[in-house]
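Enquirer: Let me give you the structure first, and then I'll get to my questions.
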Amino acid sequence: MHTRDLIDLAELKPSELQDILRFTGFIAQNPQYYRGNAEHKIMATLFYEPSTRTQMSFQAAMLRLGGRLIGFDDPDNSSVAKGESLKDTVRVISNYADVLVIRSPLEGAALAASLYSRCPVINAGDGGHLHPTQTLTDLATLDNAVGRLDHLTVGLCGDNLNGRTVHSLVKTLSRYAGNHFVMISTPELALPGYLLDEITRGGSTYARAETLEEAIPALDVLYMTRIQKERFASVDEYERLKDVFVLDRAKLKHAKSALRILHPLPRVNEIAVDVDDDPRATYFAQTEYGLYARMALLQRVLEHTDRAVPTAPADTHKARCTNERCVTSKEHYLPRLFKETDAGLVCRYCEQLSMNNGQ
Ligand code: NCD
């Protein structure tokens with residue numbers, strides 16, 4: 001990998017993405033072959049948000065490679081509870097570890113961490129923004145189950161607004177030729193505009209569907225997601241939207257026999273339990289690929305052994321990001337990093353258009 005960190009899969013060249021997926025496939029065939037490859041290496045997990053699969057699959061991946069683990073999954077038990085900044089936590093823990101895996105409720109937190117870390121940083125989910133290692137998992141699963149990542153009709157059903165797994169998946173699948181997305185969500189939970197632009201810029205296409213029944217016959221892949229309760233300001237709003245789309249056996253009657261149903265999990269109500277026994281249900285097999293994909297990724301990032309303290313970049317603009325979920329809204333020392341687009345200044349941490357271009 002030419003980049004030290006994995007913050008967003010968009011930073012990888014197509015050949016690097018292909019290499020990780022191919023490597024994941026090799027490991028899936030023969031996981032024990034790689035068991036000494038991270039011997040004497042230490043992975044630190046900094047989990048500021050709940051996680052089961054992502055944290056455990058990272059831990060299992062590192063242990064299977066012969067490495068060791070440190071970290072926290074309850075920030076209340078770390079110095080964060082004493083008011084320590086992300087910068088200081090990262091600067092310190094990166095003295096002890098060879099790779100940091102970070103999950104945070106703040107958008108752009110992994111990028112922020114990478115500015116101060118002496119070792120590679122992997123984004124294990126930054127708020128409602130991105131979740132690149134889930135996408136590696138999803139792509140490895142599809143590679144195995146369908147045999148291709150292009151010319152697919154992919155239904156995205158559930159919380160397309162707040163679902164970081166959906167965002168990373170859309171960004172990455174749009175890089176492959178001929179993919180078509182069908183958005184199945186309520187208007188309130190529609191995919192952010194910048195990602196719709198990403199789809200068309202990459203030459204892919206999209207359509208919207210009001211119901212699962214209407215969308216399902218054309219799909220090769222159905223990617224279901226949970227409504228992301230923790231991102232809602234109002235419980236009533238969550239209650240109103242939570243069970244609008246539920247996949248059950250009856251709805252699958254008109255689906256292709258080769259359909260693949262994916263879900264990053266955890267599931268709440270959006271897939272009825274009776275779907276689990278349908279041969280098209282791929283979400284439990286998907287979790288196994290999460291292990292192999294992370295074994296592949298860890299080996300690639302651990303090839304970077306330079307431990308220099310990075311020099312944080314200078315402000316690119318004077319503007320402030322106006323997204324209150326952005327890491328810059330809490331960690332005020334962070335350099336102000338923006339890119340200029342036709343629509344205005346876009347924050348590099350959270351990718352939101354800044355509403356305040358003021359000096
Ligand atoms: C997802 C996440 O954390 O974004 N879970 C996961 O990592 N497998 C999906 C979710 O929480 O709904």
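Following the order of the structure tokens, first chain is A, next is B, and so on, with residues numbered from 1 inside each chain and ligands from 1 in the order they appear.
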Quick one: everything within 8 Å of Leu69 (chain A), counting only C-alpha atoms, minus sequence neighbours fewer than 6 positions away in the same chain. Send it as a list in words.
Expert: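 Near Leu69 (chain A), the qualifying residues are Ile42, Met43, Ala44, Thr45, Gln59, Met62 and Leu63 of chain A.
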Enquirer: Could you save the residues just selected, with C-alpha atoms, as a short mmCIF file (atom, residue, chain, number, x, y, z; two decimals), in the first residue's frame?
Expert:
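Just written: again-v9.cif:
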data_model
loop_
_atom_site.label_atom_id
_atom_site.label_comp_id
_atom_site.auth_asym_id
_atom_site.auth_seq_id
_atom_site.Cartn_x
_atom_site.Cartn_y
_atom_site.Cartn_z
CA ILE A 42 1.08 -5.01 18.83
CA MET A 43 -2.32 -3.73 17.69
CA ALA A 44 -4.07 -1.08 19.80
CA THR A 45 -7.84 -0.74 19.57
CA GLN A 59 -8.60 -8.82 17.51
CA MET A 62 -4.23 -9.99 14.88
CA LEU A 63 -4.15 -13.01 17.19
#
Enquirer: List every residue of chain A that has an atom at most 7 Å from any atom of ligand 1, giving for each one its closest atom pair and the distance in Å to one decimal, counting only C-alpha atoms and all ligand atoms, sorted by chain and then by ascending residue number, as a Markdown table.
Expert:
| residue | atom | partner | partner_atom_place_in_ligand_line | distance |
| --- | --- | --- | --- | --- |
| A:Ser51 | CA | ligand 1 | 3 (O) | 6.4 |
| A:Arg53 | CA | ligand 1 | 8 (N) | 5.5 |
| A:Thr54 | CA | ligand 1 | 7 (O) | 5.0 |
| A:Gly125 | CA | ligand 1 | 4 (O) | 6.2 |
| A:His131 | CA | ligand 1 | 4 (O) | 6.4 |
| A:Gln134 | CA | ligand 1 | 7 (O) | 6.2 |
| A:Gly163 | CA | ligand 1 | 4 (O) | 6.3 |
| A:Arg164 | CA | ligand 1 | 4 (O) | 5.5 |
| A:Thr165 | CA | ligand 1 | 4 (O) | 5.5 |
| A:Thr225 | CA | ligand 1 | 12 (O) | 6.0 |
| A:Arg226 | CA | ligand 1 | 12 (O) | 5.0 |
| A:Gln228 | CA | ligand 1 | 12 (O) | 6.1 |
| A:Pro264 | CA | ligand 1 | 8 (N) | 4.4 |
| A:Leu265 | CA | ligand 1 | 8 (N) | 5.0 |
| A:Pro266 | CA | ligand 1 | 12 (O) | 5.7 |
Enquirer: Please produce a file of the residues just selected, as a PDB file, in the first residue's frame, where the atoms kept are N, CA, C and O atoms.
Expert:
ATOM      1  N   SER A  51     -19.020  -1.849  19.742  1.00  0.00           N
ATOM      2  CA  SER A  51     -18.712  -2.707  18.595  1.00  0.00           C
ATOM      3  C   SER A  51     -18.614  -4.147  19.064  1.00  0.00           C
ATOM      4  O   SER A  51     -18.112  -4.410  20.155  1.00  0.00           O
ATOM      5  N   ARG A  53     -18.601  -7.117  16.230  1.00  0.00           N
ATOM      6  CA  ARG A  53     -17.923  -7.758  15.102  1.00  0.00           C
ATOM      7  C   ARG A  53     -16.623  -7.090  14.708  1.00  0.00           C
ATOM      8  O   ARG A  53     -15.604  -7.742  14.521  1.00  0.00           O
ATOM      9  N   THR A  54     -16.662  -5.761  14.574  1.00  0.00           N
ATOM     10  CA  THR A  54     -15.473  -5.090  14.044  1.00  0.00           C
ATOM     11  C   THR A  54     -14.319  -5.258  15.023  1.00  0.00           C
ATOM     12  O   THR A  54     -13.214  -5.645  14.649  1.00  0.00           O
ATOM     13  N   GLY A 125     -14.608   2.901  11.609  1.00  0.00           N
ATOM     14  CA  GLY A 125     -15.924   3.544  11.662  1.00  0.00           C
ATOM     15  C   GLY A 125     -15.809   4.903  12.305  1.00  0.00           C
ATOM     16  O   GLY A 125     -15.448   5.001  13.474  1.00  0.00           O
ATOM     17  N   HIS A 131     -16.784   3.446   6.798  1.00  0.00           N
ATOM     18  CA  HIS A 131     -16.403   2.211   7.491  1.00  0.00           C
ATOM     19  C   HIS A 131     -15.678   1.325   6.474  1.00  0.00           C
ATOM     20  O   HIS A 131     -16.210   0.319   5.995  1.00  0.00           O
ATOM     21  N   GLN A 134     -15.377  -2.569   6.738  1.00  0.00           N
ATOM     22  CA  GLN A 134     -16.611  -3.321   6.456  1.00  0.00           C
ATOM     23  C   GLN A 134     -16.761  -3.481   4.944  1.00  0.00           C
ATOM     24  O   GLN A 134     -17.168  -4.528   4.451  1.00  0.00           O
ATOM     25  N   GLY A 163     -25.883   5.401   7.523  1.00  0.00           N
ATOM     26  CA  GLY A 163     -25.180   4.110   7.480  1.00  0.00           C
ATOM     27  C   GLY A 163     -23.797   4.262   6.872  1.00  0.00           C
ATOM     28  O   GLY A 163     -23.625   4.336   5.655  1.00  0.00           O
ATOM     29  N   ARG A 164     -22.785   4.269   7.738  1.00  0.00           N
ATOM     30  CA  ARG A 164     -21.415   4.460   7.224  1.00  0.00           C
ATOM     31  C   ARG A 164     -20.973   3.288   6.356  1.00  0.00           C
ATOM     32  O   ARG A 164     -20.150   3.455   5.464  1.00  0.00           O
ATOM     33  N   THR A 165     -21.523   2.099   6.608  1.00  0.00           N
ATOM     34  CA  THR A 165     -21.144   0.956   5.765  1.00  0.00           C
ATOM     35  C   THR A 165     -21.665   1.167   4.341  1.00  0.00           C
ATOM     36  O   THR A 165     -21.011   0.796   3.374  1.00  0.00           O
ATOM     37  N   THR A 225     -29.586  -2.553   5.884  1.00  0.00           N
ATOM     38  CA  THR A 225     -28.943  -1.952   7.071  1.00  0.00           C
ATOM     39  C   THR A 225     -29.981  -1.621   8.132  1.00  0.00           C
ATOM     40  O   THR A 225     -31.146  -1.375   7.835  1.00  0.00           O
ATOM     41  N   ARG A 226     -29.505  -1.589   9.341  1.00  0.00           N
ATOM     42  CA  ARG A 226     -30.275  -1.192  10.519  1.00  0.00           C
ATOM     43  C   ARG A 226     -30.482   0.322  10.486  1.00  0.00           C
ATOM     44  O   ARG A 226     -29.586   1.061  10.056  1.00  0.00           O
ATOM     45  N   GLN A 228     -30.055   3.590  12.129  1.00  0.00           N
ATOM     46  CA  GLN A 228     -28.970   3.890  13.082  1.00  0.00           C
ATOM     47  C   GLN A 228     -29.486   4.764  14.228  1.00  0.00           C
ATOM     48  O   GLN A 228     -29.282   5.988  14.264  1.00  0.00           O
ATOM     49  N   PRO A 264     -24.350  -5.686   7.267  1.00  0.00           N
ATOM     50  CA  PRO A 264     -23.117  -5.601   8.065  1.00  0.00           C
ATOM     51  C   PRO A 264     -23.326  -6.141   9.478  1.00  0.00           C
ATOM     52  O   PRO A 264     -22.348  -6.437  10.172  1.00  0.00           O
ATOM     53  N   LEU A 265     -24.573  -6.252   9.903  1.00  0.00           N
ATOM     54  CA  LEU A 265     -24.970  -6.660  11.255  1.00  0.00           C
ATOM     55  C   LEU A 265     -24.473  -5.606  12.269  1.00  0.00           C
ATOM     56  O   LEU A 265     -23.489  -4.948  12.004  1.00  0.00           O
ATOM     57  N   PRO A 266     -25.068  -5.371  13.379  1.00  0.00           N
ATOM     58  CA  PRO A 266     -26.159  -6.153  13.939  1.00  0.00           C
ATOM     59  C   PRO A 266     -27.512  -5.887  13.254  1.00  0.00           C
ATOM     60  O   PRO A 266     -27.784  -4.786  12.801  1.00  0.00           O
TER      61      PRO A 266
END
Enquirer: To test your reading of the structure, identify every residue in region 153-350 of chain A that backbone DSSP assigns to helix (DSSP H, G or I), and report it as a PyMOL selection string.
Expert: chain A and resi 164-173+187-189+193-201+212-218+229-231+235-241+249-252+273-275+283-301+327-329
Enquirer: Give the strand (DSSP E or B) residues of region 46-137 of chain A, as DSSP finds them on the backbone, and put them as number ranges by chain.
Expert: A: 46-47, 68-72, 99-104, 107, 121-126, 130
Enquirer: Write the residues of the preceding selection, restricted to N, CA and C atoms, as a short mmCIF file (atom, residue, chain, number, x, y, z; two decimals), in the first residue's frame.
Expert:
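Dumped to again.cif:
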data_model
loop_
_atom_site.label_atom_id
_atom_site.label_comp_id
_atom_site.auth_asym_id
_atom_site.auth_seq_id
_atom_site.Cartn_x
_atom_site.Cartn_y
_atom_site.Cartn_z
N LEU A 46 -8.70 1.51 19.80
CA LEU A 46 -9.25 2.68 20.50
C LEU A 46 -10.72 2.75 20.09
N PHE A 47 -11.58 2.16 20.90
CA PHE A 47 -12.99 2.12 20.53
C PHE A 47 -13.80 3.05 21.43
N ARG A 68 -0.14 -9.30 19.16
CA ARG A 68 -0.74 -9.10 20.48
C ARG A 68 -1.58 -7.82 20.52
N LEU A 69 -2.38 -7.70 21.59
CA LEU A 69 -3.41 -6.66 21.63
C LEU A 69 -3.32 -5.79 22.88
N ILE A 70 -3.54 -4.47 22.69
CA ILE A 70 -3.81 -3.58 23.82
C ILE A 70 -4.98 -2.70 23.40
N GLY A 71 -5.55 -1.91 24.32
CA GLY A 71 -6.58 -0.98 23.90
C GLY A 71 -7.70 -0.84 24.89
N PHE A 72 -8.71 -0.04 24.52
CA PHE A 72 -9.91 0.13 25.34
C PHE A 72 -11.14 0.09 24.46
N VAL A 99 0.20 -0.63 15.24
CA VAL A 99 -0.94 -0.21 14.41
C VAL A 99 -2.07 0.19 15.36
N LEU A 100 -2.78 1.27 15.00
CA LEU A 100 -3.94 1.71 15.79
C LEU A 100 -5.20 1.46 14.99
N VAL A 101 -6.22 0.91 15.64
CA VAL A 101 -7.53 0.73 15.01
C VAL A 101 -8.50 1.58 15.81
N ILE A 102 -9.13 2.53 15.16
CA ILE A 102 -9.95 3.49 15.90
C ILE A 102 -11.39 3.53 15.43
N ARG A 103 -12.31 3.55 16.38
CA ARG A 103 -13.73 3.77 16.09
C ARG A 103 -14.20 4.91 16.97
N SER A 104 -14.93 5.84 16.34
CA SER A 104 -15.37 7.04 17.08
C SER A 104 -16.75 7.46 16.59
N GLU A 107 -17.24 12.17 13.02
CA GLU A 107 -16.87 12.02 11.61
C GLU A 107 -15.49 12.63 11.38
N VAL A 121 -2.77 4.01 11.06
CA VAL A 121 -4.10 4.12 11.67
C VAL A 121 -5.12 3.50 10.72
N ILE A 122 -5.99 2.67 11.27
CA ILE A 122 -7.07 2.08 10.47
C ILE A 122 -8.40 2.61 11.00
N ASN A 123 -9.23 3.08 10.08
CA ASN A 123 -10.56 3.60 10.42
C ASN A 123 -11.53 2.43 10.59
N ALA A 124 -12.00 2.23 11.82
CA ALA A 124 -12.97 1.16 12.07
C ALA A 124 -14.38 1.73 12.23
N GLY A 125 -14.61 2.90 11.61
CA GLY A 125 -15.92 3.54 11.66
C GLY A 125 -15.81 4.90 12.31
N ASP A 126 -16.09 5.98 11.54
CA ASP A 126 -16.05 7.34 12.10
C ASP A 126 -17.44 7.96 11.99
N LEU A 130 -17.77 6.92 7.36
CA LEU A 130 -17.23 5.79 6.57
C LEU A 130 -16.89 4.59 7.45
#
Enquirer: Residues of region 136-172 of chain A that have any atom at most 10 Å from an atom of region 24-33 of chain A: could you tabulate them with the shortest-distance atom pair and the distance in Å to one decimal, using only C-alpha atoms, ordered by chain and increasing number, as CSV?
Expert:
residue,atom,partner,partner_atom,distance
A:Leu136,CA,A:Thr24,CA,9.0
A:Thr137,CA,A:Thr24,CA,9.0
A:Ala140,CA,A:Thr24,CA,6.9
A:Thr141,CA,A:Gly25,CA,9.3
A:Asp143,CA,A:Gly25,CA,8.6
A:Asn144,CA,A:Gly25,CA,7.8
Enquirer: Which one is closest to Glu198 (chain A): A:Leu222, A:Leu302, A:Ala10, A:Ile216? Count only C-alpha atoms.
Expert: A:Ala10
Enquirer: Under the rule that only C-alpha atoms are counted, which of A:Asp73, A:Asp197, A:Asp5, A:Asp159 is the nearest residue to Tyr116 (chain A)?
Expert: A:Asp5
Enquirer: Counting only C-alpha atoms, which residue out of A:Cys157, A:Ala110, A:Leu252, A:Val246 sits closest to Arg208 (chain A)?
Expert: A:Cys157
Enquirer: I need the residue nearest Tyr48 (chain A) from this list: A:Ile199, A:Ile7, A:Leu106, A:Leu111. Use only C-alpha atoms for the distance.
Expert: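 When distances to Tyr48 (chain A) are compared using only C-alpha atoms, the smallest one comes from A:Leu106.
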Enquirer: For a quick check of understanding, using only C-alpha atoms, which of A:Glu303, A:Gln55, A:Arg4, A:His129 has the smallest distance to Leu115 (chain A)?
Expert: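 Smallest distance to Leu115 (chain A) is found for A:Arg4.
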Enquirer: If we count only C-alpha atoms, what is near Val268 (chain A) at a cut-off of 12 Å, once residues fewer than 5 positions away on the same chain are taken out, given as a ChimeraX atom specification?
Expert: /A:158,224-229,242-243,245-247,263,273
Enquirer: Report the closest atom pair, with its distance in Å rounded to one decimal, for each residue of region 74-151 of chain A that has an atom no farther than 9 Å from region 308-317 of chain A; count only C-alpha atoms, sort by chain and then rising residue number, and write it as CSV.
Expert:
residue,atom,partner,partner_atom,distance
A:Arg91,CA,A:Val309,CA,8.3
A:Ser114,CA,A:Pro310,CA,8.5
A:Leu115,CA,A:Ala312,CA,5.4
A:Tyr116,CA,A:Pro310,CA,6.0
A:Ser117,CA,A:Val309,CA,6.8
A:Arg118,CA,A:Val309,CA,5.1
A:Cys119,CA,A:Ala308,CA,8.2
Enquirer: Those same residues - N, CA and C atoms - I'd like them written as a PDB file, in the first residue's frame.
Expert:
ATOM      1  N   ARG A  91      -1.031  10.144  20.262  1.00  0.00           N
ATOM      2  CA  ARG A  91       0.427  10.350  20.318  1.00  0.00           C
ATOM      3  C   ARG A  91       1.059   9.378  21.319  1.00  0.00           C
ATOM      4  N   SER A 114      -4.697  10.044  12.468  1.00  0.00           N
ATOM      5  CA  SER A 114      -3.535   9.717  11.628  1.00  0.00           C
ATOM      6  C   SER A 114      -2.538  10.880  11.570  1.00  0.00           C
ATOM      7  N   LEU A 115      -2.992  12.101  11.861  1.00  0.00           N
ATOM      8  CA  LEU A 115      -2.093  13.260  11.802  1.00  0.00           C
ATOM      9  C   LEU A 115      -1.085  13.257  12.950  1.00  0.00           C
ATOM     10  N   TYR A 116      -1.371  12.470  14.006  1.00  0.00           N
ATOM     11  CA  TYR A 116      -0.523  12.507  15.207  1.00  0.00           C
ATOM     12  C   TYR A 116       0.064  11.147  15.574  1.00  0.00           C
ATOM     13  N   SER A 117      -0.251  10.138  14.785  1.00  0.00           N
ATOM     14  CA  SER A 117       0.158   8.784  15.148  1.00  0.00           C
ATOM     15  C   SER A 117       1.530   8.443  14.570  1.00  0.00           C
ATOM     16  N   ARG A 118       2.338   7.749  15.353  1.00  0.00           N
ATOM     17  CA  ARG A 118       3.653   7.291  14.871  1.00  0.00           C
ATOM     18  C   ARG A 118       3.544   5.981  14.103  1.00  0.00           C
ATOM     19  N   CYS A 119       2.362   5.368  14.132  1.00  0.00           N
ATOM     20  CA  CYS A 119       2.205   4.099  13.406  1.00  0.00           C
ATOM     21  C   CYS A 119       0.917   4.168  12.579  1.00  0.00           C
TER      22      CYS A 119
END
Enquirer: Choose the residue, out of A:Arg231, A:His167, A:His151, A:Arg201, that has the smallest atom-to-atom separation from Leu219 (chain A); count only C-alpha atoms.
Expert: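 For Leu219 (chain A), the nearest of the given residues is A:His151.
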Enquirer: Counting only C-alpha atoms, which residues of region 65-154 of chain A sit at most 10 Å from some atom of region 332-345 of chain A, and what is each one's closest atom pair with its distance in Å to one decimal, listed by chain and rising residue number, as a tab-separated table?
Expert:
residue	atom	partner	partner_atom	distance
A:Ser85	CA	A:Tyr333	CA	9.5
A:Leu86	CA	A:Leu334	CA	9.9
A:Lys87	CA	A:Leu334	CA	8.6
A:Ala112	CA	A:Leu334	CA	7.2
A:Ala113	CA	A:Leu334	CA	9.9
A:Leu115	CA	A:Leu334	CA	9.0
Enquirer: Restrict the selected residues to all heavy atoms and save them as a short mmCIF file (atom, residue, chain, number, x, y, z; two decimals), in the first residue's frame.
Expert:
data_model
loop_
_atom_site.label_atom_id
_atom_site.label_comp_id
_atom_site.auth_asym_id
_atom_site.auth_seq_id
_atom_site.Cartn_x
_atom_site.Cartn_y
_atom_site.Cartn_z
N SER A 85 -7.31 14.89 25.03
CA SER A 85 -7.66 15.11 23.62
C SER A 85 -7.33 13.86 22.81
O SER A 85 -6.50 13.03 23.22
CB SER A 85 -6.87 16.29 23.07
OG SER A 85 -5.50 15.95 23.01
N LEU A 86 -7.96 13.76 21.65
CA LEU A 86 -7.67 12.64 20.74
C LEU A 86 -6.18 12.67 20.35
O LEU A 86 -5.51 11.64 20.32
CB LEU A 86 -8.55 12.78 19.50
CG LEU A 86 -8.35 11.72 18.42
CD1 LEU A 86 -8.81 10.35 18.90
CD2 LEU A 86 -9.15 12.10 17.16
N LYS A 87 -5.69 13.87 20.10
CA LYS A 87 -4.28 14.03 19.70
C LYS A 87 -3.34 13.42 20.74
O LYS A 87 -2.44 12.64 20.40
CB LYS A 87 -3.99 15.53 19.55
CG LYS A 87 -2.55 15.88 19.36
CD LYS A 87 -2.37 17.39 19.27
CE LYS A 87 -0.92 17.74 19.22
NZ LYS A 87 -0.68 19.16 19.01
N ALA A 112 -8.13 12.49 11.68
CA ALA A 112 -7.50 13.34 12.71
C ALA A 112 -6.44 12.54 13.46
O ALA A 112 -5.32 13.04 13.69
CB ALA A 112 -8.58 13.86 13.67
N ALA A 113 -6.75 11.31 13.84
CA ALA A 113 -5.80 10.49 14.59
C ALA A 113 -4.53 10.25 13.77
O ALA A 113 -3.42 10.29 14.29
CB ALA A 113 -6.45 9.15 14.96
N LEU A 115 -2.99 12.10 11.86
CA LEU A 115 -2.09 13.26 11.80
C LEU A 115 -1.08 13.26 12.95
O LEU A 115 -0.08 13.96 12.90
CB LEU A 115 -2.89 14.57 11.85
CG LEU A 115 -3.96 14.78 10.78
CD1 LEU A 115 -4.62 16.14 10.96
CD2 LEU A 115 -3.35 14.67 9.39
#
Enquirer: Have a look at CA of Glu331 (chain A) and CA of Leu298 (chain A) and let me know their distance in Å, one decimal.
Expert: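 We find that CA of Glu331 (chain A) and CA of Leu298 (chain A) lie 27.7 Å from each other.
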Enquirer: What does the distance from CA of Arg148 (chain A) to CA of Tyr176 (chain A) come to in Å, to one decimal?
Expert: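 So the answer is 9.7 Å.
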Enquirer: Please provide the set of residues having any atom within 12 Å of Lys256 (chain A), restricted to only C-alpha atoms, with same-chain residues fewer than 4 positions apart removed, written as a VMD selection string.
Expert: chain A and resid 153 215 to 222 251 to 252 260 to 261 279 to 280
